[in-house]
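Step one of this worksheet: look at the structure below.
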Amino acid sequence: MASGSLTSLHVGESQEEGGALVTSVDAVVNWARRNSIWPLPLGLSCCAIEFMATAASRFDMARFGAEVARFSPKQADLMLVAGTLTYKMGEACRRLYDQMAEPKWVIAMGACASTGGMFRSYPVMQGIDHVIPVDYYIPGCPPRPEMVLNAIIHLQKTISEERSHKRLQLTSILGGGEKEE
Amino acid sequence: MSESTSAATGESPQSESPTESAAVQAIRARWGADVDLAEENRGQWRVELRRREPLNDIVDHLVEEPSLRFDFCVDVTALDHYGEEPRFRAVYVLRSMQLREDLVLKVPVPEEDCWAPSLTGRFRTADWLEREAYDMFGITFRGHPNMIRILMPDIFEDHPLRKDFPMEGRMTDQEWAEWIIARAQREEA
Ligand code: SF4
């Protein structure tokens, strides 16, 4: 959205004296980012049911600005991998991640997404962090909706501490792949 | 006689007469030398054959015979009797809507000559079922138009439902991840 003009504001500043301005830009940009984390729910198995509960009215993810589940990766900020990632699905997971526009974050929801869970077997990837970088892991089988909300709140804290313009480099170091733009 | 027995097999408890169903009798009449064993289990008859070659003829007969009409292929799968000879069995489950009964046909498949007859010429449902059996057990179905894996990815080399396959597989997560990322990025380009 407005990120183009904000980036150029920063680039115009030199490193030593840009502090005050950049901090406030960070604050504004991060404020917008952390209160509109649109998730891409990659519901792979039973954890997805718990994600639905999180999104529905009783637990109401909308209180944290994360209610707009997007089923197109290009419109999402947060990949919420809820369930068991098989090797065959790994490719789709990675491609979806690559198609998401920066800035983007990943939450591994549940034991399966974090470590493979109880499935130490030939088709199951032992944790999605083999193919995509993960920001938060949620334990549990399945995790309670409160834990998903907790992870989102933690992610909001992380986002508000980030340098808004550094995000691109950060993810590409982690293997975030090619930027779409 | 055959009429009454086929009706009786519907819900017969173990104590009732073990008279063979019409389908089993029809198989015995023509291929009696190939029948190894015919057993009933809760109203469902299972016929084990001594060799796999006559299977297609038997199925053709079961489908076309007006008093039988086994016109639905419920399942095609396999069994691994690891340590025995022959090692595998290919299992075909047919259903007759007319008689309201199922029939299980089993043929032996030795490991070194690992093929079984395909029912795809007769039933289109057999297509994916046989691909699954091939994927999981490594049994090639002769006559199948597209004998490739259906569940596991193409680089997978094993047949995981074989009893000597290690549960956790032979490829490491690192190898899988490399393959996954390479594929994801190649197709994107
Ligand atoms: S962690 Fe448990 S609930 Fe979640 S996907 Fe795995 S098995 Fe299902």
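The way I read the labels, and the way they are meant: chains A, B, ... in the order of the structure tokens, residue 1 as the first residue of every chain, and ligand 1 as the first ligand shown, with later ones counted on from there.
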TODO: Could you please write out, as a ChimeraX atom specification, every residue of region 71-146 of chain B that DSSP assigns to helix (DSSP H, G or I)?
DONE: /B:126-137
Need to verify the contact set: Leu85 (chain A), 8 Å, only C-alpha atoms, exclusion of same-chain residues closer than 5 positions in sequence. Can you return it as a short mmCIF file (atom, residue, chain, number, x, y, z; two decimals) with N, CA and C atoms, in the first residue's frame?
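Resulting contents of selection.cif:
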data_model
loop_
_atom_site.label_atom_id
_atom_site.label_comp_id
_atom_site.auth_asym_id
_atom_site.auth_seq_id
_atom_site.Cartn_x
_atom_site.Cartn_y
_atom_site.Cartn_z
N LEU A 44 -4.34 -28.80 7.15
CA LEU A 44 -3.94 -30.09 6.58
C LEU A 44 -4.60 -31.26 7.27
N GLY A 90 4.40 -31.08 0.92
CA GLY A 90 5.44 -30.12 1.20
C GLY A 90 5.68 -29.15 0.06
N CYS A 112 2.06 -31.77 15.08
CA CYS A 112 2.41 -32.28 13.75
C CYS A 112 3.20 -31.27 12.95
N ALA A 113 2.68 -30.05 12.88
CA ALA A 113 3.36 -29.04 12.08
C ALA A 113 4.71 -28.71 12.69
N GLY A 116 6.23 -33.12 13.43
CA GLY A 116 5.74 -34.39 12.91
C GLY A 116 4.80 -35.08 13.89
N VAL A 124 5.39 -38.56 6.39
CA VAL A 124 5.16 -37.33 7.15
C VAL A 124 6.46 -36.58 7.41
N MET A 125 6.46 -35.31 7.03
CA MET A 125 7.62 -34.46 7.28
C MET A 125 7.71 -34.16 8.77
N GLY A 127 8.20 -31.89 10.89
CA GLY A 127 8.25 -30.46 11.19
C GLY A 127 8.34 -29.65 9.91
N ILE A 128 7.48 -28.64 9.80
CA ILE A 128 7.45 -27.87 8.56
C ILE A 128 8.69 -27.00 8.40
#
Could the residues that lie within 10 Å of ligand 1, counting only C-alpha atoms and all ligand atoms, be listed as a short mmCIF file (atom, residue, chain, number, x, y, z; two decimals) with N, CA and C atoms, in the first residue's frame?
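Once everything was written out, this is result_19.cif:
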data_model
loop_
_atom_site.label_atom_id
_atom_site.label_comp_id
_atom_site.auth_asym_id
_atom_site.auth_seq_id
_atom_site.Cartn_x
_atom_site.Cartn_y
_atom_site.Cartn_z
N GLY A 43 -4.89 -25.67 6.28
CA GLY A 43 -5.49 -26.69 7.14
C GLY A 43 -5.26 -28.06 6.57
N LEU A 44 -4.34 -28.80 7.15
CA LEU A 44 -3.94 -30.09 6.58
C LEU A 44 -4.60 -31.26 7.27
N SER A 45 -4.98 -31.11 8.51
CA SER A 45 -5.74 -32.20 9.15
C SER A 45 -6.46 -31.67 10.37
N CYS A 46 -6.51 -32.46 11.43
CA CYS A 46 -7.42 -32.18 12.54
C CYS A 46 -7.21 -30.80 13.18
N CYS A 47 -5.99 -30.30 13.23
CA CYS A 47 -5.75 -28.99 13.81
C CYS A 47 -6.56 -27.91 13.11
N ALA A 48 -6.87 -28.12 11.85
CA ALA A 48 -7.64 -27.12 11.11
C ALA A 48 -9.00 -26.90 11.75
N ILE A 49 -9.55 -27.95 12.35
CA ILE A 49 -10.84 -27.82 13.02
C ILE A 49 -10.71 -26.84 14.19
N GLU A 50 -9.60 -26.98 14.90
CA GLU A 50 -9.38 -26.09 16.03
C GLU A 50 -9.13 -24.66 15.55
N PHE A 51 -8.51 -24.55 14.39
CA PHE A 51 -8.34 -23.21 13.83
C PHE A 51 -9.70 -22.59 13.52
N VAL A 81 0.07 -22.97 9.44
CA VAL A 81 0.07 -24.37 9.03
C VAL A 81 -0.55 -25.19 10.14
N ALA A 82 -1.77 -25.64 9.92
CA ALA A 82 -2.51 -26.36 10.94
C ALA A 82 -2.67 -27.80 10.49
N GLY A 83 -1.77 -28.65 10.95
CA GLY A 83 -1.95 -30.06 10.64
C GLY A 83 -0.68 -30.76 10.22
N THR A 84 -0.88 -31.96 9.70
CA THR A 84 0.21 -32.86 9.39
C THR A 84 0.72 -32.58 7.98
N LEU A 85 1.96 -32.23 7.85
CA LEU A 85 2.51 -31.96 6.53
C LEU A 85 3.15 -33.23 5.99
N ALA A 108 3.58 -22.49 13.10
CA ALA A 108 3.37 -23.94 13.02
C ALA A 108 2.42 -24.32 14.14
N MET A 109 1.21 -24.69 13.77
CA MET A 109 0.18 -24.96 14.78
C MET A 109 0.10 -26.46 15.06
N GLY A 110 0.37 -26.82 16.29
CA GLY A 110 0.19 -28.21 16.70
C GLY A 110 1.47 -29.02 16.62
N ALA A 111 1.42 -30.17 17.27
CA ALA A 111 2.60 -31.03 17.33
C ALA A 111 3.03 -31.49 15.94
N CYS A 112 2.06 -31.77 15.08
CA CYS A 112 2.41 -32.28 13.75
C CYS A 112 3.20 -31.27 12.95
N ALA A 113 2.68 -30.05 12.88
CA ALA A 113 3.36 -29.04 12.08
C ALA A 113 4.71 -28.71 12.69
N SER A 114 4.82 -28.78 14.01
CA SER A 114 6.08 -28.41 14.64
C SER A 114 7.14 -29.50 14.50
N THR A 115 6.75 -30.75 14.71
CA THR A 115 7.76 -31.81 14.78
C THR A 115 7.35 -33.09 14.07
N GLY A 116 6.23 -33.12 13.43
CA GLY A 116 5.74 -34.39 12.91
C GLY A 116 4.80 -35.08 13.89
N GLY A 117 4.81 -34.63 15.13
CA GLY A 117 3.88 -35.17 16.11
C GLY A 117 4.06 -36.66 16.31
N MET A 118 2.95 -37.35 16.38
CA MET A 118 3.04 -38.78 16.65
C MET A 118 3.37 -39.58 15.39
N PHE A 119 3.46 -38.92 14.25
CA PHE A 119 3.62 -39.66 13.00
C PHE A 119 5.08 -39.75 12.61
N ILE A 138 3.36 -23.76 18.05
CA ILE A 138 2.35 -23.94 19.09
C ILE A 138 2.32 -25.42 19.46
N PRO A 139 2.58 -25.76 20.71
CA PRO A 139 2.48 -27.16 21.11
C PRO A 139 1.01 -27.56 21.32
N GLY A 140 0.80 -28.86 21.38
CA GLY A 140 -0.56 -29.33 21.64
C GLY A 140 -1.08 -30.18 20.52
N CYS A 141 -2.02 -31.04 20.84
CA CYS A 141 -2.54 -31.97 19.84
C CYS A 141 -4.02 -32.17 20.06
N PRO A 142 -4.88 -31.29 19.58
CA PRO A 142 -4.56 -30.01 18.98
C PRO A 142 -4.39 -28.95 20.05
N PRO A 143 -3.78 -27.80 19.72
CA PRO A 143 -3.70 -26.72 20.68
C PRO A 143 -5.08 -26.12 20.93
N ARG A 144 -5.28 -25.61 22.12
CA ARG A 144 -6.53 -24.90 22.40
C ARG A 144 -6.56 -23.60 21.60
#
TODO: Output the contact residues of chain B with respect to chain A at a cut-off of 8 Å, based on only C-alpha atoms, as a list in words.
DONE: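 That gives the following set of residues: Met152, Pro153, Pro160, Met167, Glu168, Gly169, Arg170, Asp173, Gln174, Trp176, Ala177, Ile180, Ile181, Arg183, Ala184, Gln185 and Glu188 of chain B.
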Could you save those same residues with all heavy atoms as a short mmCIF file (atom, residue, chain, number, x, y, z; two decimals), in the first residue's frame?
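Everything below was put into result-v4.cif:
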data_model
loop_
_atom_site.label_atom_id
_atom_site.label_comp_id
_atom_site.auth_asym_id
_atom_site.auth_seq_id
_atom_site.Cartn_x
_atom_site.Cartn_y
_atom_site.Cartn_z
N MET B 152 2.25 -42.11 -3.32
CA MET B 152 3.58 -41.60 -2.96
C MET B 152 4.16 -40.79 -4.11
O MET B 152 3.81 -41.00 -5.27
CB MET B 152 4.51 -42.77 -2.62
CG MET B 152 4.07 -43.59 -1.42
SD MET B 152 3.76 -42.61 0.04
CE MET B 152 5.38 -42.00 0.44
N PRO B 153 5.05 -39.83 -3.78
CA PRO B 153 5.68 -39.04 -4.84
C PRO B 153 6.56 -39.90 -5.74
O PRO B 153 6.97 -41.00 -5.35
CB PRO B 153 6.54 -38.02 -4.06
CG PRO B 153 6.09 -38.08 -2.67
CD PRO B 153 5.45 -39.40 -2.44
N PRO B 160 5.72 -49.12 0.63
CA PRO B 160 5.72 -49.02 2.10
C PRO B 160 4.88 -50.05 2.84
O PRO B 160 5.13 -50.26 4.01
CB PRO B 160 5.20 -47.61 2.35
CG PRO B 160 4.56 -47.17 1.10
CD PRO B 160 5.22 -47.89 -0.01
N MET B 167 9.34 -48.49 9.01
CA MET B 167 8.22 -47.57 9.21
C MET B 167 8.57 -46.12 8.88
O MET B 167 7.80 -45.38 8.29
CB MET B 167 7.77 -47.67 10.67
CG MET B 167 6.65 -46.76 11.05
SD MET B 167 5.15 -47.14 10.18
CE MET B 167 4.04 -46.02 10.99
N GLU B 168 9.78 -45.69 9.28
CA GLU B 168 10.11 -44.28 9.11
C GLU B 168 10.69 -43.98 7.74
O GLU B 168 11.10 -42.85 7.48
CB GLU B 168 11.05 -43.83 10.23
CG GLU B 168 12.41 -44.47 10.24
CD GLU B 168 12.39 -45.87 10.86
OE1 GLU B 168 11.33 -46.31 11.33
OE2 GLU B 168 13.44 -46.52 10.85
N GLY B 169 10.74 -44.96 6.86
CA GLY B 169 11.20 -44.71 5.51
C GLY B 169 12.71 -44.71 5.41
O GLY B 169 13.42 -44.82 6.41
N ARG B 170 13.21 -44.61 4.19
CA ARG B 170 14.66 -44.66 3.99
C ARG B 170 15.25 -43.31 3.64
O ARG B 170 16.46 -43.14 3.63
CB ARG B 170 14.99 -45.63 2.84
CG ARG B 170 14.62 -47.06 3.15
CD ARG B 170 15.14 -47.99 2.07
NE ARG B 170 14.21 -49.09 1.83
CZ ARG B 170 14.22 -50.23 2.53
NH1 ARG B 170 15.07 -50.41 3.49
NH2 ARG B 170 13.35 -51.18 2.24
N ASP B 173 14.75 -36.37 6.19
CA ASP B 173 14.00 -35.14 5.97
C ASP B 173 14.79 -34.15 5.13
O ASP B 173 14.23 -33.39 4.37
CB ASP B 173 13.62 -34.51 7.31
CG ASP B 173 12.44 -35.22 7.92
OD1 ASP B 173 11.39 -35.24 7.29
OD2 ASP B 173 12.60 -35.77 9.02
N GLN B 174 16.12 -34.18 5.30
CA GLN B 174 16.95 -33.27 4.53
C GLN B 174 16.83 -33.56 3.04
O GLN B 174 16.66 -32.66 2.22
CB GLN B 174 18.40 -33.42 4.99
CG GLN B 174 19.04 -32.12 5.40
CD GLN B 174 18.21 -31.40 6.45
OE1 GLN B 174 17.84 -32.01 7.45
NE2 GLN B 174 17.90 -30.15 6.22
N TRP B 176 14.39 -35.07 1.53
CA TRP B 176 13.04 -34.69 1.09
C TRP B 176 12.95 -33.18 0.90
O TRP B 176 12.41 -32.71 -0.10
CB TRP B 176 12.00 -35.12 2.12
CG TRP B 176 11.55 -36.53 2.00
CD1 TRP B 176 11.80 -37.54 2.88
CD2 TRP B 176 10.75 -37.10 0.97
NE1 TRP B 176 11.21 -38.69 2.45
CE2 TRP B 176 10.56 -38.46 1.28
CE3 TRP B 176 10.18 -36.60 -0.20
CZ2 TRP B 176 9.82 -39.31 0.47
CZ3 TRP B 176 9.45 -37.45 -1.01
CH2 TRP B 176 9.28 -38.79 -0.66
N ALA B 177 13.48 -32.42 1.88
CA ALA B 177 13.37 -30.98 1.81
C ALA B 177 14.06 -30.44 0.56
O ALA B 177 13.54 -29.56 -0.13
CB ALA B 177 13.96 -30.35 3.06
N ILE B 180 11.82 -31.16 -2.32
CA ILE B 180 10.61 -30.33 -2.30
C ILE B 180 10.93 -28.91 -2.76
O ILE B 180 10.24 -28.34 -3.61
CB ILE B 180 10.03 -30.32 -0.87
CG1 ILE B 180 9.35 -31.65 -0.58
CG2 ILE B 180 9.04 -29.18 -0.70
CD1 ILE B 180 9.00 -31.85 0.88
N ILE B 181 12.01 -28.33 -2.22
CA ILE B 181 12.32 -26.94 -2.54
C ILE B 181 12.73 -26.82 -3.99
O ILE B 181 12.32 -25.90 -4.70
CB ILE B 181 13.39 -26.41 -1.57
CG1 ILE B 181 12.78 -26.30 -0.17
CG2 ILE B 181 13.91 -25.07 -2.02
CD1 ILE B 181 13.74 -26.02 0.93
N ARG B 183 11.78 -28.65 -6.47
CA ARG B 183 10.57 -28.77 -7.29
C ARG B 183 9.73 -27.52 -7.23
O ARG B 183 9.24 -27.03 -8.24
CB ARG B 183 9.74 -29.96 -6.78
CG ARG B 183 9.79 -31.14 -7.69
CD ARG B 183 9.05 -32.26 -7.05
NE ARG B 183 7.64 -32.18 -7.33
CZ ARG B 183 7.04 -32.88 -8.29
NH1 ARG B 183 7.74 -33.68 -9.04
NH2 ARG B 183 5.75 -32.79 -8.48
N ALA B 184 9.55 -27.01 -6.00
CA ALA B 184 8.70 -25.83 -5.85
C ALA B 184 9.26 -24.66 -6.64
O ALA B 184 8.52 -23.89 -7.25
CB ALA B 184 8.59 -25.47 -4.37
N GLN B 185 10.59 -24.54 -6.65
CA GLN B 185 11.16 -23.39 -7.33
C GLN B 185 11.28 -23.61 -8.83
O GLN B 185 11.16 -22.66 -9.59
CB GLN B 185 12.50 -23.04 -6.69
CG GLN B 185 12.25 -22.52 -5.30
CD GLN B 185 13.49 -22.15 -4.54
OE1 GLN B 185 14.58 -22.55 -4.94
NE2 GLN B 185 13.33 -21.43 -3.47
N GLU B 188 7.94 -22.89 -10.41
CA GLU B 188 7.54 -21.50 -10.31
C GLU B 188 8.18 -20.69 -11.42
O GLU B 188 7.62 -19.71 -11.88
CB GLU B 188 8.00 -20.97 -8.95
CG GLU B 188 7.16 -19.84 -8.45
CD GLU B 188 7.53 -19.57 -7.01
OE1 GLU B 188 8.72 -19.57 -6.69
OE2 GLU B 188 6.63 -19.37 -6.21
#
Open item on the list: Report, in Å to a single decimal, how far apart CA of Arg162 (chain B) and CA of Asp102 (chain B) are.
Closed with: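 Here the two named atoms are 26.4 Å from each other.
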Open item on the list: So that I can check the surroundings of Leu80 (chain A), please list as a ChimeraX atom specification every protein, DNA and RNA residue that reaches within 7 Å of it, counting only C-alpha atoms and ignoring chain neighbours fewer than 5 positions away.
Closed with: /A:39-42,106-109
Selection above as a file: all heavy atoms, as an mmCIF file, in the first residue's frame:
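Output saved as part-v2.cif:
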data_model
loop_
_atom_site.group_PDB
_atom_site.id
_atom_site.type_symbol
_atom_site.label_atom_id
_atom_site.label_comp_id
_atom_site.auth_asym_id
_atom_site.auth_seq_id
_atom_site.Cartn_x
_atom_site.Cartn_y
_atom_site.Cartn_z
ATOM 1 N N PRO A 39 -4.431 -14.247 7.977
ATOM 2 C CA PRO A 39 -3.827 -15.580 7.882
ATOM 3 C C PRO A 39 -4.228 -16.328 6.608
ATOM 4 O O PRO A 39 -5.338 -16.161 6.102
ATOM 5 C CB PRO A 39 -4.368 -16.299 9.116
ATOM 6 C CG PRO A 39 -5.654 -15.629 9.418
ATOM 7 C CD PRO A 39 -5.599 -14.233 8.864
ATOM 8 N N LEU A 40 -3.288 -17.104 6.138
ATOM 9 C CA LEU A 40 -3.577 -18.089 5.092
ATOM 10 C C LEU A 40 -3.645 -19.428 5.807
ATOM 11 O O LEU A 40 -2.615 -19.968 6.203
ATOM 12 C CB LEU A 40 -2.456 -18.107 4.048
ATOM 13 C CG LEU A 40 -2.402 -19.294 3.086
ATOM 14 C CD1 LEU A 40 -3.489 -19.188 2.052
ATOM 15 C CD2 LEU A 40 -1.057 -19.372 2.408
ATOM 16 N N PRO A 41 -4.833 -19.958 6.071
ATOM 17 C CA PRO A 41 -4.896 -21.204 6.832
ATOM 18 C C PRO A 41 -4.580 -22.387 5.940
ATOM 19 O O PRO A 41 -5.318 -22.687 5.019
ATOM 20 C CB PRO A 41 -6.336 -21.249 7.337
ATOM 21 C CG PRO A 41 -7.105 -20.334 6.459
ATOM 22 C CD PRO A 41 -6.160 -19.498 5.667
ATOM 23 N N LEU A 42 -3.457 -23.021 6.223
ATOM 24 C CA LEU A 42 -3.117 -24.241 5.493
ATOM 25 C C LEU A 42 -3.608 -25.398 6.352
ATOM 26 O O LEU A 42 -2.849 -25.983 7.108
ATOM 27 C CB LEU A 42 -1.613 -24.304 5.247
ATOM 28 C CG LEU A 42 -1.136 -25.344 4.253
ATOM 29 C CD1 LEU A 42 -1.745 -25.086 2.894
ATOM 30 C CD2 LEU A 42 0.361 -25.353 4.148
ATOM 31 N N VAL A 106 5.139 -17.089 9.698
ATOM 32 C CA VAL A 106 4.636 -18.466 9.690
ATOM 33 C C VAL A 106 4.435 -18.922 11.127
ATOM 34 O O VAL A 106 5.296 -18.713 11.981
ATOM 35 C CB VAL A 106 5.624 -19.428 8.991
ATOM 36 C CG1 VAL A 106 5.099 -20.844 9.057
ATOM 37 C CG2 VAL A 106 5.841 -19.017 7.558
ATOM 38 N N ILE A 107 3.277 -19.515 11.376
ATOM 39 C CA ILE A 107 3.041 -20.175 12.656
ATOM 40 C C ILE A 107 2.823 -21.660 12.383
ATOM 41 O O ILE A 107 2.022 -22.023 11.526
ATOM 42 C CB ILE A 107 1.818 -19.580 13.379
ATOM 43 C CG1 ILE A 107 2.134 -18.178 13.886
ATOM 44 C CG2 ILE A 107 1.412 -20.459 14.548
ATOM 45 C CD1 ILE A 107 0.992 -17.525 14.611
ATOM 46 N N ALA A 108 3.577 -22.491 13.100
ATOM 47 C CA ALA A 108 3.366 -23.937 13.019
ATOM 48 C C ALA A 108 2.416 -24.316 14.139
ATOM 49 O O ALA A 108 2.767 -24.243 15.307
ATOM 50 C CB ALA A 108 4.689 -24.678 13.159
ATOM 51 N N MET A 109 1.211 -24.694 13.771
ATOM 52 C CA MET A 109 0.185 -24.958 14.778
ATOM 53 C C MET A 109 0.102 -26.455 15.062
ATOM 54 O O MET A 109 -0.189 -27.242 14.177
ATOM 55 C CB MET A 109 -1.162 -24.436 14.283
ATOM 56 C CG MET A 109 -2.304 -24.765 15.204
ATOM 57 S SD MET A 109 -3.836 -24.091 14.574
ATOM 58 C CE MET A 109 -4.983 -24.780 15.738
#
- [ ] Kindly give the distance, in Å, that separates CA of Ser57 (chain A) and CA of Ala32 (chain A), rounded to a single decimal.
- [x]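 Answer for the CA of Ser57 (chain A) to CA of Ala32 (chain A) separation: 23.3 Å.
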Task: Given only C-alpha atoms as the counted atoms, nearest of A:Lys104, A:Lys74, A:Arg34, A:Arg58 to Ile159 (chain A) - done: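 Checking each of A:Lys104, A:Lys74, A:Arg34, A:Arg58 against Ile159 (chain A), counting only C-alpha atoms, the winner is A:Arg34.
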TODO: Give me, please, the distance in Å between CA of Val35 (chain B) and CA of Glu111 (chain B), quoted to one decimal.
DONE: 21.0 Å
Open item on the list: Which residues are close to Val76 (chain B), i.e. within 9 Å by only C-alpha atoms, leaving aside same-chain residues fewer than 2 positions away? Reply as a list in words.
Closed with: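 Close residues of Val76 (chain B): Cys73, Val74, Ala78, Ala90, Val91, Tyr92, Val93, Leu94, Leu119, Ala126, Leu129, Glu130, Glu132 and Ala133 of chain B.
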Open item on the list: Here is a test: counting only C-alpha atoms, which residue of B:Tyr134, B:Phe70, B:Trp128, B:Tyr82 is nearest to Gln98 (chain B)?
Closed with: B:Phe70
- [ ] Please provide the set of residues having any atom within 12 Å of region 48-53 of chain B, restricted to only C-alpha atoms, with same-chain residues fewer than 6 positions apart removed, written as a ChimeraX atom specification.
- [x] /B:24,27-28,31-40,59,86,88-93,103-110,113-118,141-142
